[in-house]
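See below for the structure under consideration.
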Amino acid sequence: MSILGERIKKLRKEKKLTQTEVVGARLTKGMLSLIENGKAQPSMESLRFIAKQLNVEVSYLLDDGTLTMLRNLYTDIEEDVERRRLIRDPDELQSLTIKMIEKIEPYLSEIQGTNYEQIRLREVYFLMNRTINKAKSLDEYWKFIDQYEEIHAYSRMLRCYFYLCQAAIEQRNYNETLAILKQGEERIAPYELMIDPMVRLDLFYNLTISYSAVDDVKMSELYLQKALEMAKKKQIFYRMDRFYHLLFIQSIANEDYEKSKEYIEKLMLLSEFAEDPTISIQYLYSKLHYLNNVEKQYEQIIPEIQYYKMKLHGYLFLFKNPIFIGEEMYAEFKLKHYTNVIQIGASLTIPSYLHHPIDLAKYYRFFAVRALAYYYENDQVAAKRDIIFAKNGVEDFPETIYKKFIYKAFNEIFM
């Protein structure tokens with residue numbers, strides 16, 4: 001007799017149920033007898049049915065010590081997931097990713113997807129493999145949504161939609177990104193009250209940036225307001241720095257400088273309140289952009305960066321973000337220090353993690369700045385190379401201050 005069959009038979013007798021009472025209309029009495037005597041293995045659907053009839057979890061029937069082992073593995077892997085979020089070094093990140101795959105791989109045959117831990121392990125295994133191989137199809141990933149819904153893990157189910165959304169936006173397929181999120185929003189609507197508030201904020205945030213990406217300002221603002229109202233009601237500050245940064249960038253992009261002043265002040269207050277280096281850096285990004293585009297205090301850019309480097313001396317790796325190069329370039333350009341612009345921007349790149357049209361347009365403008373610096377220094381070849389790159393990059397993007405700057409620069413260089 002198999003351990004599984006023995007456990008089913010023992011539990012049935014403890015509950016004083018006959019085989020006929022257990023099988024109902026789903027199984028035959030003969031099949032249940034074969035299962036109990038170890039002469040047949042039930043399908044996962046049959047096992048779920050038997051567990052339901054016996055009023056236990058499937059995991060209870062399967063636990064021969066494997067369940068404890070898998071739970072320990074799950075805990076270990078979730079710790080790795082958290083550690084990955086803090087790693088900035090690409091080589092270190094890849095090393096940990098491979099180790100996570102190697103930890104899960106030997107147990108794949110034991111991971112049946114019968115409970116949360118097992119579904120999550122399979123999901124992480126899929127995600128880590130796709131991190132190594134970006135070409136991996138997402139078809140299999142959709143199955144996790146159904147599995148999480150079946151065990152009522154609605155917050156995790158919604159997070160699967162976020163991953164699919166991210167994969168679509170990485171391909172700059174903004175309409176598909178929005179369609180995925182709207183499908184997720186509709187699907188979890190019946191379970192709204194059972195969704196973790198922070199996951200709902202993530203939904204609002206993703207919908208906000210997705211509507212913004214397709215230039216639907218009205219819907220973007222609608223979800224932004226939903227997020228802000230919910231955050232105030234629940235008294236949670238999760239993602240508030242990102243929401244206000246998004247509002248700030250949108251206001252600059254659309255030349256609404258009164259609103260930009262309001263949002264930069266909110267970001268400052270959040271930075272002071274949170275005392276979190278990453279939020280302080282987020283505020284600094286915004287402040288530099290505000291100084292350059294609204295107050296036009298170009299000479300303050302480098303001193304501000306130096307001040308924050310002293311203030312956050314333990315987090316200097318955060319200053320490797322190319323936005324610092326870009327804002328320095330813009331300030332030096334406005335001060336007519338064209339040689340400095342070219343020197344500072346020698347290693348200028350578009351960050352691989354940027355996918356939103358407004359963020360991309362902001363970075364393409366830095367190439368237009370460098371193009372004009374080359375132009376004024378009489379390097380026509382380099383000027384035309386950079387401005388063509390910038391113009392091609394923003395052609396399909398919404399009209400913003402960044403796109404206007406690029407087109408104006410293009411016309412000047414090619415006039």
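Following the order of the structure tokens, first chain is A, next is B, and so on, with residues numbered from 1 inside each chain and ligands from 1 in the order they appear.
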Identify, on the basis of only C-alpha atoms, every residue whose closest approach to region 400-404 of chain A does not exceed 8 Å; exclude the query and any residue fewer than 5 positions from it along the same chain; express the result as a compact mmCIF listing (two decimals) with N, CA and C atoms, in the first residue's frame.
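The new file around03.txt reads:
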# COMPACT_ATOMS: atom_id res chain seq x y z
N ILE A 252 6.16 68.69 -15.45
CA ILE A 252 7.27 69.30 -16.18
C ILE A 252 7.11 69.04 -17.68
N ALA A 253 6.83 67.77 -18.02
CA ALA A 253 6.70 67.37 -19.42
C ALA A 253 5.63 68.19 -20.13
N ASN A 254 4.56 68.53 -19.40
CA ASN A 254 3.45 69.28 -19.98
C ASN A 254 3.52 70.78 -19.70
N GLU A 255 4.67 71.20 -19.14
CA GLU A 255 4.95 72.61 -18.87
C GLU A 255 3.96 73.25 -17.90
N ILE A 358 7.72 59.02 -21.44
CA ILE A 358 8.18 60.29 -20.88
C ILE A 358 9.61 60.16 -20.35
N ALA A 361 11.92 59.95 -23.35
CA ALA A 361 12.05 61.25 -24.02
C ALA A 361 12.99 62.17 -23.25
N LYS A 362 12.90 62.09 -21.92
CA LYS A 362 13.78 62.92 -21.09
C LYS A 362 15.25 62.58 -21.36
N TYR A 364 16.42 61.01 -24.15
CA TYR A 364 16.77 61.34 -25.53
C TYR A 364 17.10 62.84 -25.65
N ARG A 365 16.47 63.65 -24.80
CA ARG A 365 16.79 65.08 -24.84
C ARG A 365 18.25 65.33 -24.49
N LYS A 391 15.89 62.20 -32.32
CA LYS A 391 14.63 62.42 -33.03
C LYS A 391 13.94 61.09 -33.35
N VAL A 394 12.07 59.53 -30.28
CA VAL A 394 10.83 60.10 -29.72
C VAL A 394 9.71 60.26 -30.74
All residues 12 Å or closer to Leu138 (chain A), only C-alpha atoms, same chain fewer than 3 positions away omitted, as a PyMOL selection string
chain A and resi 123+126-127+129-131+133-135+141-144+160-161+163-168
Shell around Glu176 (chain A) at 12 Å using only C-alpha atoms, local window under 3 positions removed, as a short mmCIF file (atom, residue, chain, number, x, y, z; two decimals) with N, CA and C atoms, in the first residue's frame:
data_model
loop_
_atom_site.label_atom_id
_atom_site.label_comp_id
_atom_site.auth_asym_id
_atom_site.auth_seq_id
_atom_site.Cartn_x
_atom_site.Cartn_y
_atom_site.Cartn_z
N TYR A 161 -0.02 39.55 -12.96
CA TYR A 161 -0.38 40.50 -14.02
C TYR A 161 0.64 41.62 -14.11
N LEU A 164 3.57 40.36 -16.14
CA LEU A 164 3.23 40.31 -17.56
C LEU A 164 3.18 41.72 -18.16
N CYS A 165 2.69 42.65 -17.36
CA CYS A 165 2.66 44.06 -17.77
C CYS A 165 4.07 44.58 -17.99
N GLN A 166 4.98 44.27 -17.06
CA GLN A 166 6.36 44.72 -17.16
C GLN A 166 7.04 44.14 -18.41
N ALA A 167 6.76 42.86 -18.68
CA ALA A 167 7.33 42.22 -19.86
C ALA A 167 6.87 42.91 -21.14
N ALA A 168 5.60 43.33 -21.16
CA ALA A 168 5.06 44.01 -22.35
C ALA A 168 5.65 45.40 -22.50
N ILE A 169 5.80 46.12 -21.39
CA ILE A 169 6.32 47.49 -21.49
C ILE A 169 7.79 47.48 -21.86
N GLU A 170 8.52 46.40 -21.50
CA GLU A 170 9.92 46.28 -21.90
C GLU A 170 10.05 46.18 -23.42
N GLN A 171 9.00 45.65 -24.05
CA GLN A 171 8.97 45.59 -25.51
C GLN A 171 8.39 46.88 -26.11
N ARG A 172 8.10 47.83 -25.22
CA ARG A 172 7.50 49.12 -25.60
C ARG A 172 6.17 48.93 -26.33
N ASN A 173 5.47 47.89 -25.91
CA ASN A 173 4.14 47.64 -26.44
C ASN A 173 3.15 48.19 -25.42
N ALA A 179 -3.76 46.70 -21.79
CA ALA A 179 -4.78 45.63 -21.93
C ALA A 179 -4.59 44.55 -20.86
N ILE A 180 -3.35 44.20 -20.57
CA ILE A 180 -3.06 43.18 -19.54
C ILE A 180 -3.54 43.67 -18.17
N LEU A 181 -3.22 44.91 -17.86
CA LEU A 181 -3.60 45.46 -16.55
C LEU A 181 -5.12 45.57 -16.41
N LYS A 182 -5.78 45.99 -17.48
CA LYS A 182 -7.24 46.12 -17.42
C LYS A 182 -7.89 44.74 -17.24
N GLN A 183 -7.31 43.73 -17.88
CA GLN A 183 -7.82 42.37 -17.69
C GLN A 183 -7.63 41.93 -16.23
N SER A 210 0.62 53.33 -17.25
CA SER A 210 0.24 52.73 -18.53
C SER A 210 -0.68 53.65 -19.32
N TYR A 211 -1.65 54.27 -18.65
CA TYR A 211 -2.49 55.23 -19.35
C TYR A 211 -1.67 56.44 -19.80
N ALA A 213 1.41 56.31 -20.68
CA ALA A 213 2.23 55.86 -21.81
C ALA A 213 1.48 55.92 -23.13
N VAL A 214 0.14 55.73 -23.07
CA VAL A 214 -0.66 55.82 -24.31
C VAL A 214 -1.29 57.21 -24.46
#
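We find CA of Leu27 (chain A) and CA of Pro42 (chain A) to be spaced 10.0 Å apart.
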Here is a test: counting only C-alpha atoms, which residue of A:Arg83, A:Arg370, A:Arg48, A:His245 is nearest to Gly113 (chain A)?
A:Arg48
Show which residues sit within 9 Å of Leu47 (chain A), as a PyMOL selection string. Count only C-alpha atoms, and ignore same-chain residues fewer than 4 positions away.
chain A and resi 42-43+51-52+58+61
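Here CA of Lys16 (chain A) is placed at a distance of 25.7 Å from CA of Thr114 (chain A).
Minimum atom-to-atom distances from A:Ile249, A:Met268, A:Leu54, A:Ile8 to Ser33 (chain A) were compared using only C-alpha atoms, and the lowest value belongs to A:Ile8.
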Quick one: residues within 10 Å of region 316-327 of chain A, only C-alpha atoms counted, chain neighbours fewer than 4 positions away excluded, as a PyMOL selection string?
chain A and resi 88-89+277-278+281-282+284-285+288-289+291-293+298+301-302+305+308-312+331-333+341+344-351+362-367+369-370
Dump N, CA and C atoms for the selected residues as a tab-separated table (two decimals), in the first residue's frame?
chain	number	residue	atom	x	y	z
A	88	ARG	N	22.79	45.64	-6.69
A	88	ARG	CA	22.95	46.55	-7.82
A	88	ARG	C	23.99	46.05	-8.82
A	89	ASP	N	24.92	45.23	-8.35
A	89	ASP	CA	25.98	44.73	-9.22
A	89	ASP	C	25.44	43.63	-10.14
A	277	PRO	N	17.48	56.48	2.02
A	277	PRO	CA	18.41	56.94	0.97
A	277	PRO	C	17.82	56.88	-0.43
A	278	THR	N	17.06	55.82	-0.75
A	278	THR	CA	16.50	55.70	-2.10
A	278	THR	C	15.46	56.78	-2.36
A	281	ILE	N	17.34	60.04	-2.92
A	281	ILE	CA	17.87	60.09	-4.28
A	281	ILE	C	16.76	60.43	-5.27
A	282	GLN	N	15.58	59.83	-5.04
A	282	GLN	CA	14.43	60.14	-5.90
A	282	GLN	C	14.11	61.64	-5.85
A	284	LEU	N	16.26	63.98	-5.09
A	284	LEU	CA	17.35	64.69	-5.74
A	284	LEU	C	17.18	64.69	-7.26
A	285	TYR	N	16.79	63.52	-7.83
A	285	TYR	CA	16.50	63.48	-9.27
A	285	TYR	C	15.54	64.62	-9.63
A	288	LEU	N	16.96	68.31	-9.17
A	288	LEU	CA	17.85	68.73	-10.24
A	288	LEU	C	17.06	69.11	-11.48
A	289	HIS	N	16.06	68.29	-11.76
A	289	HIS	CA	15.22	68.55	-12.94
A	289	HIS	C	14.44	69.86	-12.77
A	291	LEU	N	15.40	72.47	-10.84
A	291	LEU	CA	16.34	73.58	-10.94
A	291	LEU	C	16.66	73.89	-12.40
A	292	ASN	N	16.80	72.85	-13.22
A	292	ASN	CA	17.14	73.05	-14.63
A	292	ASN	C	15.99	73.59	-15.46
A	293	ASN	N	14.79	73.10	-15.19
A	293	ASN	CA	13.67	73.37	-16.09
A	293	ASN	C	12.70	74.44	-15.61
A	298	TYR	N	21.01	76.90	-13.11
A	298	TYR	CA	21.93	75.90	-13.66
A	298	TYR	C	23.21	75.76	-12.85
A	301	ILE	N	23.40	72.95	-9.94
A	301	ILE	CA	23.30	71.50	-10.17
A	301	ILE	C	24.46	70.73	-9.55
A	302	ILE	N	25.68	71.08	-9.89
A	302	ILE	CA	26.84	70.33	-9.37
A	302	ILE	C	26.96	70.46	-7.85
A	305	ILE	N	24.52	68.03	-6.21
A	305	ILE	CA	24.97	66.63	-6.29
A	305	ILE	C	26.08	66.38	-5.27
A	308	TYR	N	24.66	66.10	-1.68
A	308	TYR	CA	24.00	64.83	-1.40
A	308	TYR	C	24.98	63.67	-1.36
A	309	LYS	N	26.08	63.77	-2.09
A	309	LYS	CA	27.10	62.72	-2.01
A	309	LYS	C	27.72	62.69	-0.63
A	310	MET	N	27.90	63.87	-0.03
A	310	MET	CA	28.43	63.94	1.34
A	310	MET	C	27.38	63.43	2.33
A	311	LYS	N	26.13	63.83	2.11
A	311	LYS	CA	25.05	63.44	3.01
A	311	LYS	C	24.79	61.94	2.97
A	312	LEU	N	24.91	61.34	1.78
A	312	LEU	CA	24.63	59.90	1.60
A	312	LEU	C	25.91	59.17	1.22
A	331	ALA	N	22.66	71.53	-17.58
A	331	ALA	CA	23.05	72.77	-16.89
A	331	ALA	C	24.25	73.42	-17.58
A	332	GLU	N	25.27	72.63	-17.91
A	332	GLU	CA	26.45	73.17	-18.57
A	332	GLU	C	26.11	73.72	-19.96
A	333	PHE	N	25.17	73.06	-20.63
A	333	PHE	CA	24.73	73.56	-21.94
A	333	PHE	C	24.09	74.93	-21.81
A	341	VAL	N	30.03	70.01	-21.72
A	341	VAL	CA	28.89	69.14	-22.06
A	341	VAL	C	29.40	67.87	-22.75
A	344	ILE	N	31.43	65.68	-20.17
A	344	ILE	CA	30.56	65.03	-19.18
A	344	ILE	C	29.73	63.93	-19.82
A	345	GLY	N	29.26	64.20	-21.04
A	345	GLY	CA	28.37	63.25	-21.71
A	345	GLY	C	29.06	62.24	-22.59
A	346	ALA	N	30.35	62.06	-22.43
A	346	ALA	CA	31.09	61.13	-23.31
A	346	ALA	C	30.56	59.70	-23.20
A	347	SER	N	30.10	59.31	-22.00
A	347	SER	CA	29.62	57.93	-21.80
A	347	SER	C	28.10	57.86	-21.69
A	348	LEU	N	27.41	58.88	-22.20
A	348	LEU	CA	25.95	58.93	-22.08
A	348	LEU	C	25.29	57.73	-22.75
A	349	THR	N	24.35	57.11	-22.03
A	349	THR	CA	23.60	55.97	-22.57
A	349	THR	C	22.14	56.09	-22.15
A	350	ILE	N	21.28	55.33	-22.85
A	350	ILE	CA	19.88	55.20	-22.43
A	350	ILE	C	19.82	54.00	-21.50
A	351	PRO	N	19.45	54.16	-20.22
A	351	PRO	CA	19.40	53.02	-19.29
A	351	PRO	C	18.47	51.92	-19.79
A	362	LYS	N	12.90	62.09	-21.92
A	362	LYS	CA	13.78	62.92	-21.09
A	362	LYS	C	15.25	62.58	-21.36
A	363	TYR	N	15.55	61.29	-21.50
A	363	TYR	CA	16.93	60.88	-21.76
A	363	TYR	C	17.35	61.17	-23.20
A	364	TYR	N	16.42	61.01	-24.15
A	364	TYR	CA	16.77	61.34	-25.53
A	364	TYR	C	17.10	62.84	-25.65
A	365	ARG	N	16.47	63.65	-24.80
A	365	ARG	CA	16.79	65.08	-24.84
A	365	ARG	C	18.25	65.33	-24.49
A	366	PHE	N	18.81	64.51	-23.61
A	366	PHE	CA	20.22	64.67	-23.26
A	366	PHE	C	21.11	64.47	-24.50
A	367	PHE	N	20.70	63.55	-25.39
A	367	PHE	CA	21.45	63.36	-26.64
A	367	PHE	C	21.31	64.58	-27.54
A	369	VAL	N	20.95	67.60	-26.41
A	369	VAL	CA	21.82	68.59	-25.76
A	369	VAL	C	23.26	68.38	-26.24
A	370	ARG	N	23.71	67.12	-26.23
A	370	ARG	CA	25.08	66.83	-26.67
A	370	ARG	C	25.24	67.17	-28.16
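Residues in contact with Ile264 (chain A) at up to 9 Å, not including ones fewer than 4 positions away on its chain and judged by only C-alpha atoms, are Tyr244, His245, Phe248, Lys259, Ser260, Met268, Leu269, Tyr283, Ser286, Lys287 and Tyr290 of chain A.
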Report as JSON, numbers by chain all protein, DNA and RNA residues lying within 10 Å of Phe204 (chain A), evaluated on only C-alpha atoms, omitting residues in the same chain fewer than 3 positions from it.
{"A": [181, 185, 198, 199, 200, 201, 207, 208, 209, 210, 220, 222, 223, 224, 225, 226, 227, 228, 230, 243]}
Put those residues in a file: N, CA, C and O atoms, as a PDB file, in the first residue's frame.
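Below is the file selection.pdb, written as the result:
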ATOM      1  N   LEU A 181      -3.223  44.913 -17.862  1.00  0.00           N
ATOM      2  CA  LEU A 181      -3.603  45.458 -16.555  1.00  0.00           C
ATOM      3  C   LEU A 181      -5.116  45.575 -16.412  1.00  0.00           C
ATOM      4  O   LEU A 181      -5.674  45.298 -15.342  1.00  0.00           O
ATOM      5  N   GLU A 185      -7.380  43.914 -13.581  1.00  0.00           N
ATOM      6  CA  GLU A 185      -8.293  44.700 -12.751  1.00  0.00           C
ATOM      7  C   GLU A 185      -9.701  44.102 -12.781  1.00  0.00           C
ATOM      8  O   GLU A 185     -10.363  43.981 -11.742  1.00  0.00           O
ATOM      9  N   MET A 198      -1.527  47.352  -0.347  1.00  0.00           N
ATOM     10  CA  MET A 198      -0.322  47.765  -1.063  1.00  0.00           C
ATOM     11  C   MET A 198      -0.294  47.193  -2.478  1.00  0.00           C
ATOM     12  O   MET A 198       0.236  47.814  -3.400  1.00  0.00           O
ATOM     13  N   VAL A 199      -0.890  46.008  -2.654  1.00  0.00           N
ATOM     14  CA  VAL A 199      -0.972  45.434  -3.996  1.00  0.00           C
ATOM     15  C   VAL A 199      -1.963  46.233  -4.841  1.00  0.00           C
ATOM     16  O   VAL A 199      -1.750  46.451  -6.035  1.00  0.00           O
ATOM     17  N   ARG A 200      -3.044  46.689  -4.224  1.00  0.00           N
ATOM     18  CA  ARG A 200      -3.997  47.551  -4.946  1.00  0.00           C
ATOM     19  C   ARG A 200      -3.335  48.871  -5.331  1.00  0.00           C
ATOM     20  O   ARG A 200      -3.572  49.399  -6.425  1.00  0.00           O
ATOM     21  N   LEU A 201      -2.491  49.407  -4.454  1.00  0.00           N
ATOM     22  CA  LEU A 201      -1.753  50.620  -4.804  1.00  0.00           C
ATOM     23  C   LEU A 201      -0.834  50.361  -5.993  1.00  0.00           C
ATOM     24  O   LEU A 201      -0.681  51.209  -6.873  1.00  0.00           O
ATOM     25  N   LEU A 207      -1.473  51.174 -13.579  1.00  0.00           N
ATOM     26  CA  LEU A 207      -2.483  51.710 -14.493  1.00  0.00           C
ATOM     27  C   LEU A 207      -2.219  53.184 -14.792  1.00  0.00           C
ATOM     28  O   LEU A 207      -2.410  53.647 -15.921  1.00  0.00           O
ATOM     29  N   THR A 208      -1.774  53.923 -13.788  1.00  0.00           N
ATOM     30  CA  THR A 208      -1.455  55.335 -13.975  1.00  0.00           C
ATOM     31  C   THR A 208      -0.379  55.511 -15.038  1.00  0.00           C
ATOM     32  O   THR A 208      -0.530  56.301 -15.969  1.00  0.00           O
ATOM     33  N   ILE A 209       0.725  54.773 -14.899  1.00  0.00           N
ATOM     34  CA  ILE A 209       1.822  54.957 -15.857  1.00  0.00           C
ATOM     35  C   ILE A 209       1.472  54.367 -17.222  1.00  0.00           C
ATOM     36  O   ILE A 209       1.951  54.850 -18.251  1.00  0.00           O
ATOM     37  N   SER A 210       0.618  53.334 -17.249  1.00  0.00           N
ATOM     38  CA  SER A 210       0.243  52.731 -18.526  1.00  0.00           C
ATOM     39  C   SER A 210      -0.675  53.646 -19.325  1.00  0.00           C
ATOM     40  O   SER A 210      -0.525  53.789 -20.545  1.00  0.00           O
ATOM     41  N   SER A 220      -5.173  58.488 -16.674  1.00  0.00           N
ATOM     42  CA  SER A 220      -3.965  58.452 -15.848  1.00  0.00           C
ATOM     43  C   SER A 220      -4.193  59.220 -14.551  1.00  0.00           C
ATOM     44  O   SER A 220      -3.878  58.743 -13.452  1.00  0.00           O
ATOM     45  N   LEU A 222      -7.081  59.873 -13.213  1.00  0.00           N
ATOM     46  CA  LEU A 222      -8.135  59.198 -12.451  1.00  0.00           C
ATOM     47  C   LEU A 222      -7.536  58.158 -11.509  1.00  0.00           C
ATOM     48  O   LEU A 222      -7.878  58.106 -10.319  1.00  0.00           O
ATOM     49  N   TYR A 223      -6.628  57.330 -12.033  1.00  0.00           N
ATOM     50  CA  TYR A 223      -6.039  56.281 -11.195  1.00  0.00           C
ATOM     51  C   TYR A 223      -5.036  56.845 -10.191  1.00  0.00           C
ATOM     52  O   TYR A 223      -4.866  56.311  -9.097  1.00  0.00           O
ATOM     53  N   LEU A 224      -4.410  57.945 -10.569  1.00  0.00           N
ATOM     54  CA  LEU A 224      -3.537  58.609  -9.611  1.00  0.00           C
ATOM     55  C   LEU A 224      -4.334  59.088  -8.409  1.00  0.00           C
ATOM     56  O   LEU A 224      -3.925  58.905  -7.249  1.00  0.00           O
ATOM     57  N   GLN A 225      -5.476  59.683  -8.665  1.00  0.00           N
ATOM     58  CA  GLN A 225      -6.326  60.165  -7.568  1.00  0.00           C
ATOM     59  C   GLN A 225      -6.860  59.008  -6.737  1.00  0.00           C
ATOM     60  O   GLN A 225      -6.956  59.108  -5.511  1.00  0.00           O
ATOM     61  N   LYS A 226      -7.213  57.908  -7.389  1.00  0.00           N
ATOM     62  CA  LYS A 226      -7.649  56.718  -6.652  1.00  0.00           C
ATOM     63  C   LYS A 226      -6.560  56.267  -5.687  1.00  0.00           C
ATOM     64  O   LYS A 226      -6.828  55.911  -4.535  1.00  0.00           O
ATOM     65  N   ALA A 227      -5.325  56.273  -6.180  1.00  0.00           N
ATOM     66  CA  ALA A 227      -4.204  55.839  -5.348  1.00  0.00           C
ATOM     67  C   ALA A 227      -3.995  56.772  -4.159  1.00  0.00           C
ATOM     68  O   ALA A 227      -3.830  56.322  -3.018  1.00  0.00           O
ATOM     69  N   LEU A 228      -4.026  58.064  -4.418  1.00  0.00           N
ATOM     70  CA  LEU A 228      -3.794  59.037  -3.353  1.00  0.00           C
ATOM     71  C   LEU A 228      -4.906  58.985  -2.307  1.00  0.00           C
ATOM     72  O   LEU A 228      -4.641  59.064  -1.098  1.00  0.00           O
ATOM     73  N   MET A 230      -6.786  56.384  -1.591  1.00  0.00           N
ATOM     74  CA  MET A 230      -6.659  55.140  -0.852  1.00  0.00           C
ATOM     75  C   MET A 230      -5.514  55.220   0.157  1.00  0.00           C
ATOM     76  O   MET A 230      -5.630  54.765   1.296  1.00  0.00           O
ATOM     77  N   PHE A 243       4.590  57.968  -6.848  1.00  0.00           N
ATOM     78  CA  PHE A 243       3.407  58.670  -7.352  1.00  0.00           C
ATOM     79  C   PHE A 243       3.687  60.162  -7.518  1.00  0.00           C
ATOM     80  O   PHE A 243       3.373  60.752  -8.557  1.00  0.00           O
TER      81      PHE A 243
END
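Here CA of Glu14 (chain A) and CA of Ile35 (chain A) stand 17.3 Å from one another.
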